[in-house]
file model-v8.txt (compact mmCIF, C-alpha atoms)
# COMPACT_ATOMS: atom_id res chain seq x y z
CA MET A 1350 23.45 -17.71 14.78
CA VAL A 1351 23.67 -14.15 13.43
CA SER A 1352 24.77 -13.51 9.84
CA THR A 1353 25.49 -10.24 8.05
CA LEU A 1354 23.58 -8.94 5.05
CA GLY A 1355 25.33 -6.52 2.76
CA VAL A 1356 23.02 -3.57 2.09
CA ALA A 1357 23.19 -0.50 -0.11
CA VAL A 1358 21.11 2.65 -0.43
CA VAL A 1359 20.31 4.27 -3.78
CA GLY A 1360 19.32 7.92 -3.50
CA PHE A 1361 20.43 9.86 -0.45
CA GLY A 1362 17.90 12.60 0.04
CA TRP A 1363 15.84 12.63 3.22
CA MET A 1364 14.35 9.19 2.63
CA GLY A 1365 17.69 7.59 1.89
CA ARG A 1366 18.94 8.94 5.20
CA VAL A 1367 15.87 7.54 7.00
CA HIS A 1368 16.51 4.09 5.49
CA THR A 1369 20.15 4.21 6.52
CA GLN A 1370 19.36 5.21 10.09
CA ALA A 1371 16.80 2.39 10.24
CA TYR A 1372 19.50 -0.13 9.26
CA VAL A 1373 21.86 1.27 11.89
CA ARG A 1374 19.23 1.11 14.64
CA LEU A 1375 17.83 -2.28 13.67
CA PRO A 1376 20.09 -4.51 15.87
CA HIS A 1377 19.35 -2.38 18.92
CA HIS A 1378 15.57 -2.75 18.66
CA PHE A 1379 15.39 -6.26 17.20
CA PRO A 1380 18.41 -8.18 18.56
CA GLN A 1381 16.60 -11.48 17.91
CA LEU A 1382 16.86 -10.96 14.15
CA SER A 1383 19.23 -13.49 12.59
CA LEU A 1384 20.53 -10.98 10.03
CA ARG A 1385 22.56 -7.87 10.76
CA PRO A 1386 22.79 -5.21 8.04
CA GLU A 1387 26.27 -4.19 6.90
CA LEU A 1388 26.44 -0.85 5.07
CA ILE A 1389 28.34 -1.64 1.86
CA ALA A 1390 27.62 1.22 -0.54
CA VAL A 1391 25.58 4.37 -1.12
CA ALA A 1392 24.77 5.88 -4.53
CA ASP A 1393 23.64 9.38 -5.43
CA GLU A 1394 24.21 11.34 -8.62
CA VAL A 1395 24.57 14.69 -6.83
CA PRO A 1396 28.32 15.42 -6.52
CA GLY A 1397 29.58 14.86 -3.00
CA ARG A 1398 26.31 13.65 -1.49
CA ALA A 1399 27.18 9.93 -1.48
CA GLU A 1400 30.67 10.62 -0.13
CA GLU A 1401 29.23 12.69 2.71
CA ALA A 1402 26.74 9.93 3.53
CA ALA A 1403 29.49 7.30 3.56
CA GLU A 1404 31.60 9.35 5.93
CA ARG A 1405 28.72 10.11 8.28
CA TYR A 1406 27.12 6.67 8.46
CA GLY A 1407 29.99 4.29 7.75
CA PHE A 1408 29.24 2.90 4.30
CA ALA A 1409 32.25 1.06 2.92
CA GLY A 1410 31.99 2.93 -0.39
CA ALA A 1411 30.24 5.74 -2.26
CA VAL A 1412 29.39 5.88 -5.98
CA ARG A 1413 27.58 8.20 -8.38
CA ASP A 1414 26.10 5.45 -10.59
CA TRP A 1415 23.64 2.99 -9.02
CA ARG A 1416 24.62 0.42 -11.67
CA GLN A 1417 27.85 -0.13 -9.77
CA ILE A 1418 25.76 -1.31 -6.83
CA ALA A 1419 23.81 -3.69 -9.06
CA ALA A 1420 27.13 -5.22 -10.14
CA ASP A 1421 28.62 -5.41 -6.63
CA PRO A 1422 28.54 -9.02 -5.33
CA ARG A 1423 28.93 -7.81 -1.74
CA VAL A 1424 25.50 -6.16 -1.89
CA GLN A 1425 22.65 -8.54 -1.18
CA ALA A 1426 19.85 -6.07 -0.42
CA VAL A 1427 19.15 -2.54 -1.68
CA SER A 1428 17.05 0.36 -0.46
CA ILE A 1429 15.67 2.34 -3.40
CA ALA A 1430 14.95 5.91 -2.32
CA ALA A 1431 15.56 7.63 -5.66
CA PRO A 1432 12.94 9.83 -7.41
CA ASN A 1433 9.79 8.10 -8.69
CA PHE A 1434 10.76 8.02 -12.37
CA LEU A 1435 13.80 5.87 -11.53
CA HIS A 1436 11.95 3.28 -9.45
CA ARG A 1437 11.14 0.92 -12.31
CA GLU A 1438 14.59 0.88 -13.91
CA ILE A 1439 16.45 0.52 -10.63
CA GLY A 1440 13.98 -1.92 -9.07
CA VAL A 1441 13.98 -4.27 -12.06
CA ALA A 1442 17.77 -4.12 -12.40
CA MET A 1443 18.39 -4.88 -8.74
CA ALA A 1444 15.95 -7.79 -8.72
CA GLU A 1445 17.51 -9.20 -11.90
CA ALA A 1446 20.91 -8.93 -10.18
CA GLY A 1447 19.53 -11.17 -7.42
CA LYS A 1448 19.24 -8.47 -4.79
CA HIS A 1449 16.37 -8.11 -2.33
CA ILE A 1450 14.75 -4.67 -2.53
CA TRP A 1451 13.17 -2.24 -0.09
CA ILE A 1452 11.62 0.35 -2.37
CA GLU A 1453 9.78 3.54 -1.57
CA LYS A 1454 6.22 4.05 -2.68
CA PRO A 1455 4.60 4.57 -5.13
CA VAL A 1456 7.05 2.27 -7.02
CA GLY A 1457 7.24 4.22 -10.25
CA LEU A 1458 4.91 6.47 -12.20
CA GLY A 1459 1.91 4.14 -12.43
CA VAL A 1460 0.61 0.62 -12.23
CA GLU A 1461 2.70 -0.65 -15.16
CA ASP A 1462 5.90 0.43 -13.43
CA ALA A 1463 4.86 -1.19 -10.16
CA ARG A 1464 3.87 -4.39 -11.96
CA ALA A 1465 7.21 -4.53 -13.80
CA VAL A 1466 9.11 -4.35 -10.51
CA ALA A 1467 6.78 -6.90 -8.90
CA ASP A 1468 7.25 -9.30 -11.82
CA ALA A 1469 11.03 -8.92 -11.67
CA VAL A 1470 11.05 -9.64 -7.94
CA ALA A 1471 8.85 -12.71 -8.38
CA LYS A 1472 10.91 -14.04 -11.30
CA ALA A 1473 14.20 -13.56 -9.44
CA GLY A 1474 12.86 -15.19 -6.27
CA VAL A 1475 14.03 -12.32 -4.09
CA GLN A 1476 12.14 -10.48 -1.38
CA GLY A 1477 10.62 -7.06 -1.93
CA THR A 1478 8.95 -4.67 0.48
CA VAL A 1479 7.47 -1.20 0.00
CA GLY A 1480 7.60 1.95 2.13
CA PHE A 1481 4.00 2.05 3.35
CA ASN A 1482 5.19 2.92 6.84
CA TYR A 1483 1.99 4.21 8.45
CA ARG A 1484 0.54 0.70 8.67
CA ASN A 1485 3.42 -0.05 11.08
CA ALA A 1486 2.13 2.30 13.78
CA PRO A 1487 1.12 0.13 16.76
CA ALA A 1488 -2.20 2.01 17.02
CA VAL A 1489 -2.97 1.19 13.39
CA GLU A 1490 -2.15 -2.46 14.05
CA ALA A 1491 -4.49 -2.33 17.07
CA ALA A 1492 -7.24 -0.76 14.97
CA ARG A 1493 -6.90 -3.45 12.34
CA GLU A 1494 -7.18 -6.22 14.93
CA LEU A 1495 -10.22 -4.57 16.51
CA ILE A 1496 -11.96 -4.19 13.15
CA ALA A 1497 -11.13 -7.76 12.06
CA SER A 1498 -12.44 -9.20 15.33
CA GLY A 1499 -15.79 -7.50 14.91
CA GLY A 1500 -15.09 -5.16 17.81
CA ILE A 1501 -16.98 -2.29 16.18
CA GLY A 1502 -19.53 -4.50 14.43
CA ILE A 1503 -19.80 -4.47 10.65
CA VAL A 1504 -17.82 -1.61 9.13
CA THR A 1505 -20.11 0.86 7.38
CA HIS A 1506 -17.85 3.72 6.34
CA VAL A 1507 -14.36 5.20 6.71
CA ARG A 1508 -12.82 8.61 6.22
CA ILE A 1509 -9.09 8.87 5.54
CA ARG A 1510 -7.24 12.18 5.33
CA LEU A 1511 -3.68 13.10 4.41
CA PHE A 1512 -3.20 16.86 4.59
CA SER A 1513 0.18 18.57 4.41
CA ASP A 1514 1.57 22.02 3.64
CA TYR A 1515 4.95 20.98 2.19
CA ALA A 1516 3.98 22.48 -1.18
CA ALA A 1517 1.76 25.29 0.10
CA HIS A 1518 4.34 28.06 -0.29
CA PRO A 1519 4.13 29.61 -3.78
CA GLU A 1520 7.94 29.80 -3.85
CA SER A 1521 8.38 26.02 -3.45
CA ALA A 1522 10.86 24.95 -6.11
CA LEU A 1523 9.64 23.24 -9.28
CA THR A 1524 11.43 19.95 -8.60
CA TRP A 1525 10.84 16.56 -10.21
CA ARG A 1526 7.86 16.04 -7.88
CA TYR A 1527 5.75 18.45 -9.92
CA GLU A 1528 6.47 16.92 -13.35
CA ARG A 1529 4.44 14.08 -14.88
CA ALA A 1530 7.46 12.49 -16.54
CA ARG A 1531 9.52 12.30 -13.34
CA GLY A 1532 7.08 12.63 -10.44
CA GLY A 1533 4.02 10.90 -11.83
CA SER A 1534 0.70 11.73 -10.24
CA GLY A 1535 1.50 14.47 -7.73
CA VAL A 1536 -0.27 14.24 -4.40
CA LEU A 1537 -1.76 10.91 -5.48
CA GLY A 1538 1.63 9.23 -5.44
CA ASP A 1539 3.01 11.31 -2.56
CA LEU A 1540 0.16 11.01 -0.05
CA ALA A 1541 -2.93 9.30 -1.43
CA SER A 1542 -0.81 6.17 -1.98
CA HIS A 1543 -0.51 5.93 1.82
CA GLY A 1544 -4.25 6.50 2.13
CA VAL A 1545 -5.04 3.67 -0.27
CA ASP A 1546 -2.69 1.35 1.61
CA LEU A 1547 -4.31 2.22 4.94
CA ALA A 1548 -7.75 1.68 3.43
CA ARG A 1549 -6.79 -1.77 2.13
CA PHE A 1550 -4.89 -2.67 5.31
CA LEU A 1551 -7.88 -1.85 7.51
CA LEU A 1552 -10.90 -2.72 5.36
CA GLY A 1553 -9.79 -4.95 2.50
CA GLU A 1554 -9.98 -4.49 -1.25
CA ILE A 1555 -11.48 -1.46 -2.98
CA ALA A 1556 -14.10 -2.42 -5.58
CA SER A 1557 -14.71 0.94 -7.27
CA LEU A 1558 -14.08 4.65 -6.85
CA THR A 1559 -14.74 8.12 -8.20
CA ALA A 1560 -12.38 11.05 -7.75
CA ASP A 1561 -11.84 14.75 -8.35
CA THR A 1562 -8.44 16.47 -8.51
CA ALA A 1563 -7.14 20.02 -8.72
CA VAL A 1564 -3.95 22.06 -9.14
CA PHE A 1565 -4.13 25.18 -6.96
CA ILE A 1566 -0.61 26.54 -7.56
CA PRO A 1567 -0.22 26.21 -11.34
CA ASP A 1568 3.31 27.67 -11.68
CA ARG A 1569 6.51 27.40 -9.64
CA ALA A 1570 10.11 28.59 -10.02
CA ARG A 1571 12.76 26.20 -11.29
CA PRO A 1572 15.64 25.55 -8.87
CA ALA A 1573 19.11 26.74 -9.79
CA GLY A 1574 20.85 23.55 -8.61
CA ALA A 1575 20.41 20.21 -6.89
CA THR A 1576 17.62 20.00 -4.34
CA ALA A 1577 16.75 17.81 -1.38
CA GLY A 1578 13.38 17.78 0.29
CA HIS A 1579 11.02 20.69 -0.29
CA THR A 1580 13.20 23.71 -1.02
CA ARG A 1581 12.27 27.18 -2.29
CA ALA A 1582 13.40 28.89 -5.48
CA ALA A 1583 12.31 32.54 -5.39
CA GLY A 1584 13.13 34.40 -8.60
CA GLY A 1585 13.85 31.32 -10.70
CA GLU A 1586 12.48 30.76 -14.17
CA PRO A 1587 8.79 29.84 -13.82
CA GLY A 1588 7.40 26.57 -15.10
CA PRO A 1589 4.06 24.76 -15.02
CA VAL A 1590 2.97 22.34 -12.29
CA GLU A 1591 1.88 19.26 -14.22
CA ASN A 1592 0.37 17.07 -11.50
CA GLU A 1593 -2.21 17.29 -8.76
CA ASP A 1594 -2.09 19.38 -5.59
CA TYR A 1595 -5.33 17.89 -4.26
CA VAL A 1596 -7.57 14.85 -4.58
CA ASN A 1597 -10.83 13.73 -3.02
CA CYS A 1598 -12.21 10.29 -3.68
CA LEU A 1599 -15.29 8.22 -2.85
CA LEU A 1600 -14.57 4.53 -2.29
CA ARG A 1601 -16.70 1.41 -2.41
CA PHE A 1602 -15.13 -1.63 -0.77
CA ALA A 1603 -15.67 -5.26 -1.72
CA SER A 1604 -17.17 -5.72 1.76
CA GLY A 1605 -19.90 -3.20 0.99
CA ALA A 1606 -18.40 -0.46 3.17
CA ARG A 1607 -18.10 3.07 1.83
CA GLY A 1608 -15.22 5.48 2.18
CA VAL A 1609 -13.89 8.99 1.63
CA LEU A 1610 -10.19 9.60 0.95
CA GLU A 1611 -8.87 13.16 0.76
CA ALA A 1612 -5.28 14.34 0.31
CA SER A 1613 -3.62 17.71 -0.19
CA ARG A 1614 -0.02 18.90 -0.39
CA VAL A 1615 -1.01 22.60 -0.27
CA ALA A 1616 -3.18 22.63 2.89
CA VAL A 1617 -2.10 25.80 4.72
CA GLY A 1618 -2.20 25.25 8.47
CA GLU A 1619 -1.89 21.47 8.18
CA GLN A 1620 1.40 19.75 8.98
CA ASN A 1621 1.35 15.97 8.50
CA SER A 1622 -2.32 15.82 9.39
CA TYR A 1623 -2.86 12.16 8.56
CA GLY A 1624 -5.44 9.84 10.05
CA PHE A 1625 -8.66 7.89 9.75
CA GLU A 1626 -12.08 7.38 11.26
CA VAL A 1627 -13.65 3.94 10.82
CA HIS A 1628 -17.31 3.54 11.74
CA GLY A 1629 -19.16 0.29 12.29
CA THR A 1630 -22.62 -0.83 13.35
CA GLU A 1631 -21.53 -1.05 17.01
CA GLY A 1632 -18.68 1.44 17.35
CA ALA A 1633 -15.81 3.32 15.79
CA VAL A 1634 -12.03 3.82 15.89
CA PHE A 1635 -10.14 7.07 15.36
CA TRP A 1636 -6.43 7.68 14.71
CA ASP A 1637 -4.32 10.80 14.17
CA PHE A 1638 -0.67 10.38 13.14
CA ARG A 1639 0.29 13.46 15.14
CA ARG A 1640 -0.85 11.61 18.27
CA MET A 1641 0.50 8.34 17.00
CA GLY A 1642 0.29 6.38 20.23
CA GLU A 1643 -3.40 7.06 20.84
CA LEU A 1644 -6.41 5.26 19.42
CA GLY A 1645 -9.91 6.59 19.99
CA VAL A 1646 -12.30 3.69 20.53
CA SER A 1647 -16.07 3.57 20.87
CA ARG A 1648 -17.59 0.14 21.59
CA GLY A 1649 -20.80 -1.22 22.99
CA THR A 1650 -24.54 -1.38 22.37
CA ALA A 1651 -25.61 2.10 23.46
CA PHE A 1652 -25.38 3.32 19.84
CA GLN A 1653 -26.74 6.81 20.46
CA ASP A 1654 -24.57 8.94 22.79
CA GLN A 1655 -22.05 6.10 23.00
CA PRO A 1656 -18.82 7.49 24.52
CA VAL A 1657 -15.33 7.40 23.03
CA SER A 1658 -12.37 6.32 25.17
CA THR A 1659 -8.65 6.73 24.50
CA LEU A 1660 -6.47 3.66 24.22
CA TYR A 1661 -2.78 4.38 24.78
CA VAL A 1662 -0.90 1.69 22.89
CA GLY A 1663 1.67 -0.38 24.71
CA PRO A 1664 3.84 -3.49 24.51
CA GLY A 1665 0.95 -5.68 23.40
CA HIS A 1666 0.33 -3.71 20.20
CA GLY A 1667 2.31 -4.27 17.02
CA GLU A 1668 6.08 -3.86 17.50
CA TYR A 1669 5.74 -1.30 20.30
CA ALA A 1670 7.68 -3.44 22.79
CA ALA A 1671 10.82 -3.15 20.67
CA PHE A 1672 10.92 0.56 21.46
CA GLN A 1673 9.24 1.29 24.79
CA PRO A 1674 8.59 -0.70 28.01
CA GLY A 1675 5.19 0.70 28.92
CA SER A 1676 2.06 2.25 27.47
CA ALA A 1677 1.88 5.92 26.46
CA ASN A 1678 5.62 6.36 25.87
CA ALA A 1679 5.92 8.21 22.58
CA MET A 1680 7.21 6.74 19.32
CA GLY A 1681 8.05 8.71 16.17
CA TYR A 1682 8.10 8.54 12.38
CA ASP A 1683 11.63 7.13 12.16
CA ASP A 1684 10.60 4.26 14.45
CA LEU A 1685 8.07 3.18 11.83
CA LYS A 1686 10.88 2.88 9.30
CA VAL A 1687 12.89 0.76 11.74
CA ILE A 1688 9.90 -1.58 11.93
CA GLU A 1689 9.79 -1.57 8.13
CA ALA A 1690 13.48 -2.51 8.00
CA TYR A 1691 12.79 -5.30 10.49
CA HIS A 1692 10.02 -6.73 8.31
CA PHE A 1693 12.31 -6.48 5.28
CA LEU A 1694 15.25 -8.33 6.83
CA ARG A 1695 12.95 -10.86 8.46
CA SER A 1696 11.49 -11.56 5.01
CA VAL A 1697 15.00 -12.13 3.66
CA ALA A 1698 15.97 -14.35 6.60
CA GLU A 1699 12.84 -16.51 6.46
CA GLY A 1700 12.12 -16.42 2.73
CA THR A 1701 8.53 -15.39 3.47
CA ALA A 1702 7.07 -11.93 3.01
CA HIS A 1703 6.42 -9.79 6.08
CA GLY A 1704 4.94 -6.32 5.78
CA PRO A 1705 3.73 -4.62 2.58
CA THR A 1706 4.75 -6.37 -0.63
CA LEU A 1707 5.12 -5.43 -4.28
CA ASP A 1708 1.63 -6.87 -4.78
CA ASP A 1709 0.36 -4.22 -2.37
CA ALA A 1710 2.19 -1.61 -4.45
CA VAL A 1711 0.56 -2.89 -7.65
CA ARG A 1712 -2.92 -2.84 -6.14
CA GLY A 1713 -2.32 0.61 -4.69
CA ALA A 1714 -1.01 1.94 -8.00
CA ALA A 1715 -4.07 0.52 -9.78
CA ALA A 1716 -6.29 2.53 -7.42
CA LEU A 1717 -4.25 5.70 -8.04
CA ASP A 1718 -4.47 5.21 -11.81
CA ALA A 1719 -8.22 4.70 -11.42
CA MET A 1720 -8.45 8.00 -9.52
CA SER A 1721 -6.71 9.79 -12.39
CA ARG A 1722 -9.04 8.23 -14.96
CA SER A 1723 -12.08 9.01 -12.87
CA ALA A 1724 -11.05 12.67 -12.46
CA ARG A 1725 -10.59 13.03 -16.24
CA ARG A 1726 -13.87 11.29 -17.13
CA GLY A 1727 -16.06 12.32 -14.22
CA THR A 1728 -17.22 8.73 -13.72
CA TRP A 1729 -16.97 5.80 -11.35
CA VAL A 1730 -14.16 3.35 -12.16
CA GLU A 1731 -14.24 -0.36 -11.31
CA LEU A 1732 -11.10 -2.01 -9.94
CA GLY A 1733 -10.30 -5.56 -10.95
call {"tool": "encode", "arguments": {"input": "model-v8.txt", "output": "structure tokens"}}
result
Amino acid sequence: MVSTLGVAVVGFGWMGRVHTQAYVRLPHHFPQLSLRPELIAVADEVPGRAEEAAERYGFAGAVRDWRQIAADPRVQAVSIAAPNFLHREIGVAMAEAGKHIWIEKPVGLGVEDARAVADAVAKAGVQGTVGFNYRNAPAVEAARELIASGGIGIVTHVRIRLFSDYAAHPESALTWRYERARGGSGVLGDLASHGVDLARFLLGEIASLTADTAVFIPDRARPAGATAGHTRAAGGEPGPVENEDYVNCLLRFASGARGVLEASRVAVGEQNSYGFEVHGTEGAVFWDFRRMGELGVSRGTAFQDQPVSTLYVGPGHGEYAAFQPGSANAMGYDDLKVIEAYHFLRSVAEGTAHGPTLDDAVRGAAALDAMSRSARRGTWVELG
């Protein structure tokens, strides 16, 4: 029997739209799910934005104040896609109101914010999932299974990269993303948070790390009005960039493996260049987000001059079969968010967590905080 679940979206920039489209598409890709999302309300403080979203996507109502959603008994689950500095307040309030939450990473400005939301979710007995979408790629799922099965032997080292140029233009507007008080830790929260999640998803817990960070564009122009995404603001009043453009980090895993994680938001010539290379004693796996359906695999006992083959993921990998009938048919970014929505509603339906949890967010935030401390001190930092 299929039941409806009243959902709301808080924050309707690009990510709020992606969440909404995932809800709309969910019944088409996962008809077996016992819950069907019903779009109850959308909240955004920018005048007219929520009303436009309601008209376009069919929300029953639009509000400026997210607190109205917290008080709405029709809403049972909430997507939180507001700026980072609001994650803690909104996440805690929604959990305390008895609502399940799907919240975007990094869940606040640091580990204390993430822990506060996690504690509120646990205390309320609701479900909570986090927007670590890259782990949902079927090729990443296949890589994880191969690594866990010993298919490449004992993992020795990994390299994870997240390079983007979304902030490379010197005229990029000085939005909340570049402020400590509202954006938190810059590229650490934006991109390295995904890298940490991939590292933990593939290889297990990180034991210690050391990091270096830099700001390469120290000043940007303030925008004249409301912004969405990565807009420009040529000629505006200049202000300082307070958080990191770049980070590189050495990792030591509890397993004994070593790792390198590097992320940049100002990498000219790089557009969403995300991926990893995992090496083991008997092989390796390689993945590039821009060729999301391919997994490079090297296996065997030749060791030297051992070839690499390309695995095109198909219906037997992750949730691929919900989207395409045969191998090598392309999937895209938005599909990963549909999978995320599926895990979220399945968690609500079954009362058991599926996909990344608030505990994953806390552990990830602890690693990001450790990177910041390491960069300031120039030392290795142990993770508990």
call {"tool": "atom_distance", "arguments": {"input": "model-v8.txt", "atom1": "CA of Tyr1691 in chain A", "atom2": "CA of Gly1675 in chain A"}}
result
20.8 Å
call {"tool": "residues_around", "arguments": {"input": "model-v8.txt", "residues": "range 1704-1714 of chain A", "least_positions_apart": "2", "cutoff": "9 Å", "atoms": "all atoms listed in the file", "output": "PyMOL selection string"}}
result
chain A and resi 1452+1454-1464+1466-1468+1470+1476-1482+1484-1485+1538+1542-1543+1545-1546+1549+1554+1689+1692-1693+1696+1702+1716-1719
call {"tool": "closest_residue", "arguments": {"input": "model-v8.txt", "among": "A:Val1441, A:Val1634, A:Ile1450, A:Val1590", "to": "Gly1500 in chain A", "atoms": "all atoms listed in the file"}}
result
A:Val1634
call {"tool": "closest_residue", "arguments": {"input": "model-v8.txt", "among": "A:Ala1522, A:Ala1541, A:Val1427, A:Leu1375", "to": "Pro1572 in chain A", "atoms": "only C-alpha atoms"}}
result
A:Ala1522
call {"tool": "atom_distance", "arguments": {"input": "model-v8.txt", "atom1": "CA of Phe1361 in chain A", "atom2": "CA of Asp1393 in chain A"}}
result
5.9 Å
